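Participant: Dropping in model-v7.txt, with compact mmCIF, C-alpha atoms.
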# COMPACT_ATOMS: atom_id res chain seq x y z
CA MET A 1 -0.86 12.21 6.97
CA ILE A 2 -0.55 12.53 3.17
CA HIS A 3 -0.21 15.89 1.45
CA ALA A 4 0.75 15.89 -2.22
CA LEU A 5 0.66 19.16 -4.12
CA ASN A 6 0.85 19.59 -7.92
CA VAL A 7 2.86 16.42 -8.45
CA HIS A 8 4.21 15.72 -11.93
CA LYS A 9 6.15 12.67 -13.10
CA SER A 10 7.40 11.71 -16.57
CA TYR A 11 9.28 8.70 -17.86
CA GLN A 12 11.42 8.34 -20.94
CA LEU A 13 10.53 5.39 -23.16
CA GLY A 14 13.11 5.38 -25.91
CA GLU A 15 12.78 8.73 -27.62
CA ARG A 16 9.28 9.29 -26.24
CA SER A 17 8.46 11.07 -22.99
CA VAL A 18 5.41 9.69 -21.15
CA GLN A 19 3.65 11.88 -18.60
CA ALA A 20 2.52 9.51 -15.86
CA LEU A 21 1.27 12.23 -13.49
CA ARG A 22 0.01 15.65 -14.52
CA GLY A 23 -0.34 17.89 -11.47
CA VAL A 24 -1.84 15.54 -8.88
CA SER A 25 -2.83 16.97 -5.49
CA LEU A 26 -4.00 14.66 -2.72
CA ASP A 27 -4.81 15.24 0.96
CA ILE A 28 -5.60 12.45 3.44
CA ASP A 29 -5.62 13.67 7.01
CA ALA A 30 -7.18 10.86 9.05
CA PRO A 31 -6.39 7.17 9.62
CA GLY A 32 -8.56 4.82 7.61
CA PHE A 33 -8.75 2.63 4.51
CA TYR A 34 -8.63 4.49 1.20
CA ALA A 35 -8.51 3.42 -2.45
CA ILE A 36 -6.87 5.00 -5.46
CA MET A 37 -8.83 3.63 -8.40
CA GLY A 38 -8.16 3.90 -12.10
CA ALA A 39 -7.60 1.99 -15.30
CA SER A 40 -4.23 0.67 -16.37
CA GLY A 41 -2.02 3.62 -17.30
CA SER A 42 -3.98 6.13 -15.23
CA GLY A 43 -0.95 6.86 -13.03
CA LYS A 44 -2.20 5.25 -9.82
CA SER A 45 0.81 2.98 -9.26
CA THR A 46 3.21 5.81 -10.10
CA LEU A 47 1.54 7.95 -7.45
CA LEU A 48 1.80 5.13 -4.90
CA HIS A 49 5.52 4.70 -5.60
CA LEU A 50 6.07 8.41 -5.04
CA LEU A 51 4.11 8.31 -1.77
CA ALA A 52 6.28 5.36 -0.70
CA ALA A 53 9.44 7.42 -1.39
CA MET A 54 10.50 4.80 -3.93
CA ASP A 55 10.79 7.48 -6.61
CA THR A 56 10.89 11.28 -6.73
CA PRO A 57 8.54 13.65 -8.55
CA ASP A 58 9.73 15.92 -11.36
CA GLN A 59 7.69 18.75 -9.87
CA GLY A 60 5.53 19.28 -6.79
CA THR A 61 5.84 18.37 -3.12
CA ILE A 62 4.95 15.30 -1.08
CA THR A 63 4.69 15.35 2.71
CA ILE A 64 4.10 12.10 4.62
CA ASP A 65 3.38 12.13 8.35
CA GLY A 66 4.74 15.69 8.55
CA GLN A 67 7.94 14.92 6.65
CA ASP A 68 8.72 16.68 3.37
CA LEU A 69 10.27 13.89 1.30
CA ALA A 70 12.30 16.32 -0.82
CA SER A 71 14.24 17.40 2.28
CA LEU A 72 15.64 13.90 2.91
CA SER A 73 18.97 12.52 1.72
CA GLU A 74 19.13 9.09 0.07
CA HIS A 75 20.15 7.52 3.39
CA GLN A 76 17.34 9.30 5.22
CA LEU A 77 14.86 8.17 2.57
CA THR A 78 15.98 4.56 3.08
CA LEU A 79 15.34 4.86 6.82
CA PHE A 80 12.04 6.61 6.17
CA ARG A 81 10.85 3.82 3.87
CA ARG A 82 11.94 1.16 6.34
CA LYS A 83 10.42 2.62 9.50
CA ARG A 84 7.53 4.91 8.62
CA VAL A 85 5.93 3.43 5.51
CA GLY A 86 4.86 -0.16 4.99
CA VAL A 87 4.42 -1.38 1.41
CA VAL A 88 2.50 -4.45 0.23
CA PHE A 89 2.92 -5.47 -3.40
CA GLN A 90 0.93 -7.75 -5.71
CA GLN A 91 3.84 -10.18 -5.64
CA PHE A 92 4.58 -11.29 -2.11
CA ASN A 93 8.38 -10.82 -2.39
CA LEU A 94 9.13 -13.26 0.43
CA ILE A 95 12.60 -14.78 0.78
CA PRO A 96 12.13 -18.47 -0.14
CA THR A 97 14.79 -19.77 2.29
CA LEU A 98 13.30 -17.99 5.33
CA SER A 99 10.33 -19.00 7.42
CA ALA A 100 7.21 -16.87 7.65
CA ARG A 101 8.39 -15.47 10.99
CA GLU A 102 11.87 -14.73 9.66
CA ASN A 103 10.39 -12.98 6.62
CA ALA A 104 8.24 -10.81 8.88
CA GLU A 105 11.28 -9.92 11.00
CA LEU A 106 13.65 -9.26 8.11
CA PRO A 107 13.39 -5.41 8.00
CA GLY A 108 14.17 -5.30 11.71
CA LEU A 109 17.15 -7.60 11.35
CA LEU A 110 18.50 -5.43 8.55
CA ALA A 111 18.06 -2.41 10.83
CA GLY A 112 19.99 -4.10 13.64
CA ARG A 113 17.03 -4.38 16.02
CA ASN A 114 17.03 -6.66 19.06
CA PRO A 115 16.18 -10.21 17.89
CA ALA A 116 14.09 -11.00 20.97
CA GLU A 117 11.97 -7.87 20.48
CA LEU A 118 11.56 -8.68 16.79
CA ARG A 119 10.43 -12.22 17.59
CA ALA A 120 7.82 -10.94 20.02
CA ARG A 121 6.58 -8.42 17.46
CA SER A 122 6.44 -10.93 14.58
CA ILE A 123 4.53 -13.43 16.74
CA GLU A 124 2.10 -10.66 17.71
CA LEU A 125 1.51 -9.74 14.08
CA LEU A 126 1.29 -13.25 12.69
CA SER A 127 -1.20 -14.09 15.42
CA ALA A 128 -3.32 -11.00 14.69
CA LEU A 129 -3.26 -11.85 10.97
CA GLY A 130 -4.29 -15.45 11.54
CA VAL A 131 -1.13 -17.22 10.36
CA LEU A 132 0.76 -17.85 13.60
CA GLN A 133 0.36 -21.60 13.12
CA ARG A 134 2.35 -21.22 9.89
CA ALA A 135 5.17 -19.17 11.45
CA ASP A 136 7.85 -21.82 10.92
CA HIS A 137 6.85 -22.70 7.37
CA ARG A 138 8.70 -21.42 4.33
CA PRO A 139 6.80 -19.58 1.58
CA ASP A 140 6.52 -22.60 -0.70
CA ALA A 141 4.47 -24.35 2.00
CA LEU A 142 2.03 -21.44 2.30
CA SER A 143 -1.03 -20.59 0.24
CA GLY A 144 -1.13 -17.31 -1.68
CA GLY A 145 -3.37 -15.75 0.94
CA GLU A 146 -1.06 -16.85 3.74
CA GLN A 147 1.98 -15.47 1.93
CA GLN A 148 0.26 -12.11 1.49
CA ARG A 149 -0.61 -12.03 5.21
CA VAL A 150 3.07 -12.62 6.01
CA ALA A 151 3.94 -9.76 3.65
CA ILE A 152 1.47 -7.54 5.54
CA ALA A 153 3.06 -8.56 8.85
CA ARG A 154 6.44 -7.53 7.44
CA ALA A 155 4.99 -4.18 6.34
CA LEU A 156 3.57 -3.57 9.84
CA LEU A 157 6.72 -4.56 11.75
CA PHE A 158 7.74 -0.99 12.65
CA ARG A 159 4.18 0.18 13.33
CA PRO A 160 4.16 2.56 10.34
CA ALA A 161 1.67 5.39 10.22
CA LEU A 162 1.11 4.68 6.51
CA VAL A 163 0.63 1.37 4.69
CA LEU A 164 0.53 1.39 0.89
CA ALA A 165 -0.84 -1.61 -1.02
CA ASP A 166 -0.31 -1.90 -4.79
CA GLU A 167 -2.96 -4.25 -6.26
CA PRO A 168 -2.32 -6.58 -3.28
CA THR A 169 -4.80 -9.27 -4.31
CA GLY A 170 -3.86 -9.57 -7.98
CA ALA A 171 -2.24 -12.97 -7.40
CA LEU A 172 -5.04 -14.34 -5.18
CA ASP A 173 -8.29 -16.20 -5.84
CA SER A 174 -11.56 -14.37 -5.19
CA ALA A 175 -12.16 -15.82 -1.72
CA SER A 176 -8.62 -15.00 -0.55
CA ALA A 177 -8.88 -11.53 -2.09
CA GLU A 178 -12.13 -10.80 -0.24
CA ALA A 179 -10.57 -11.96 3.04
CA LEU A 180 -7.52 -9.76 2.47
CA TRP A 181 -9.56 -6.63 1.71
CA THR A 182 -11.49 -7.21 4.93
CA LEU A 183 -8.21 -7.70 6.77
CA LEU A 184 -6.74 -4.44 5.49
CA ALA A 185 -9.86 -2.59 6.63
CA GLU A 186 -9.47 -4.17 10.07
CA VAL A 187 -5.79 -3.19 10.21
CA ALA A 188 -6.69 0.43 9.44
CA SER A 189 -9.38 0.48 12.12
CA ALA A 190 -7.70 -1.50 14.90
CA GLN A 191 -4.26 0.07 14.59
CA ARG A 192 -5.38 3.60 13.66
CA THR A 193 -3.28 3.30 10.52
CA THR A 194 -3.72 5.00 7.16
CA VAL A 195 -3.96 2.28 4.51
CA VAL A 196 -4.01 3.36 0.86
CA MET A 197 -4.69 0.69 -1.75
CA VAL A 198 -4.25 1.02 -5.50
CA THR A 199 -6.85 -1.00 -7.37
CA HIS A 200 -9.00 -1.15 -10.48
CA GLU A 201 -11.61 -3.41 -8.89
CA PRO A 202 -14.90 -2.09 -7.48
CA ALA A 203 -15.08 -5.23 -5.30
CA ALA A 204 -11.87 -4.07 -3.61
CA ALA A 205 -12.71 -0.37 -3.44
CA VAL A 206 -16.04 -1.00 -1.70
CA HIS A 207 -14.11 -2.01 1.43
CA CYS A 208 -12.55 1.45 1.60
CA GLN A 209 -14.20 4.48 3.14
CA ARG A 210 -13.24 6.83 0.31
CA VAL A 211 -12.19 6.25 -3.30
CA TYR A 212 -9.90 8.63 -5.21
CA VAL A 213 -10.36 8.32 -8.97
CA MET A 214 -7.53 8.80 -11.44
CA ARG A 215 -7.64 9.18 -15.22
CA ASP A 216 -4.81 10.02 -17.64
CA GLY A 217 -2.38 11.02 -14.92
CA THR A 218 -4.77 13.29 -13.04
CA LEU A 219 -6.87 12.90 -9.90
CA ILE A 220 -10.32 13.79 -11.15
CA ALA A 221 -12.63 13.16 -8.17
CA ASN A 222 -13.24 11.27 -4.97
CA PHE A 223 -16.31 9.81 -3.30
CA GLU A 224 -17.37 8.03 -0.12
CA THR A 225 -18.44 4.39 -0.31
CA GLU A 226 -20.89 4.45 2.60
CA ALA A 227 -24.17 2.78 1.58
CA LEU A 228 -22.65 1.57 -1.72
CA ASP A 229 -22.10 -2.03 -2.75
CA ALA A 230 -19.59 -3.11 -5.40
CA ARG A 231 -22.07 -2.39 -8.20
CA GLY A 232 -22.67 1.07 -6.76
CA VAL A 233 -18.94 1.76 -6.64
CA ALA A 234 -18.59 0.60 -10.25
CA ALA A 235 -21.46 2.82 -11.37
CA ARG A 236 -20.09 5.86 -9.54
CA TYR A 237 -16.63 5.25 -10.97
CA GLN A 238 -17.93 4.94 -14.53
CA GLN A 239 -19.97 8.09 -14.10
CA LEU A 240 -16.83 10.01 -13.10
CA VAL A 241 -14.46 8.67 -15.76
CA GLY A 242 -17.03 8.89 -18.53
Since I need it in another form, could you write the structure as structure tokens?

Facilitator:
Amino acid sequence: MIHALNVHKSYQLGERSVQALRGVSLDIDAPGFYAIMGASGSGKSTLLHLLAAMDTPDQGTITIDGQDLASLSEHQLTLFRRKRVGVVFQQFNLIPTLSARENAELPGLLAGRNPAELRARSIELLSALGVLQRADHRPDALSGGEQQRVAIARALLFRPALVLADEPTGALDSASAEALWTLLAEVASAQRTTVVMVTHEPAAAVHCQRVYVMRDGTLIANFETEALDARGVAARYQQLVG
């Protein structure tokens, strides 16, 4: 599913070059719920953006679902992002003038898909995510947790093999965050989807089956969370990062 080999990425800040990634290699072969965990500045969000084909590495290769991203043109990358990778951000990024259902259907409308098929799919997703009763409401009438569920429905519209979530609960209260982490785990299991979540929170990572730990632009270790609670995840993480 995900194969990244010796990935490097630098950014220019004024006259200073910042190395965000320093030779990261990552292999995830099976569907499931995975976390990339690290402190601010560790490179975890940069890696997620590269996996989502939203940016390109300076060096190294990234293959997603059998597709070498470097072999795709800009147009092909746009189609790849739209159809094969779903992305959920911390900010919900919903269109304020559209209903929840219309927001969920938006990528399909932009792709010229059949409106009747899109409606059936959005209703299916909103129902599965527990917000069907809010389908005709605009974002300002929804709670934060409901808006994030609509954003997840939008990300799942094309049945992507990979869903990437960048600190998806950062704008939610603790109860809504806990519910969303549980929901993402259920999505990975029920739909046989690979869900990769960037986080710095042990309470989030404990819902994942494996945690990949980043520090200073490198992937330093990974561990399974089976039999661990949030405190156990925190202790294991601290042991690895020193």

Participant: Show me, as a VMD selection string, the residues that have an atom within 6 Å of range 16-26 of chain A when counting all atoms listed in the file, minus same-chain residues fewer than 5 positions from it.

Facilitator: chain A and resid 3 to 11 43 217 to 219

Participant: What gap, in Å, lies between CA of Gly144 in chain A and CA of Pro202 in chain A?

Facilitator: 21.3 Å

Participant: Give as a VMD selection string each residue that has an atom at most 12 Å from (12.8, 2.4, 4.3) in the file, counting all atoms listed in the file.

Facilitator: chain A and resid 52 to 54 72 74 to 87 107 to 108 110 to 111 155 157 to 158 160

Participant: Would you kindly return, as a list in words, each protein, DNA or RNA residue with an atom no farther than 7 Å from any atom of Ala100 in chain A, considering all atoms listed in the file and excluding same-chain residues fewer than 2 positions away?

Facilitator: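 My list of contacting residues is Leu98, Glu102, Asn103, Ala104, Arg134, Ala135, Asp136, His137, Arg138, Pro139 and Val150 of chain A.
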
Participant: Closest to Ile152 in chain A among A:Val131, A:Ala190, A:Val206, A:Val88, using all atoms listed in the file?

Facilitator: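 Result for the nearest residue to Ile152 in chain A: A:Val88.
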
Participant: Please report the interatomic distance between CA of Leu50 in chain A and CA of Ile62 in chain A in Å with one decimal.

Facilitator: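 A separation of 8.0 Å between them.
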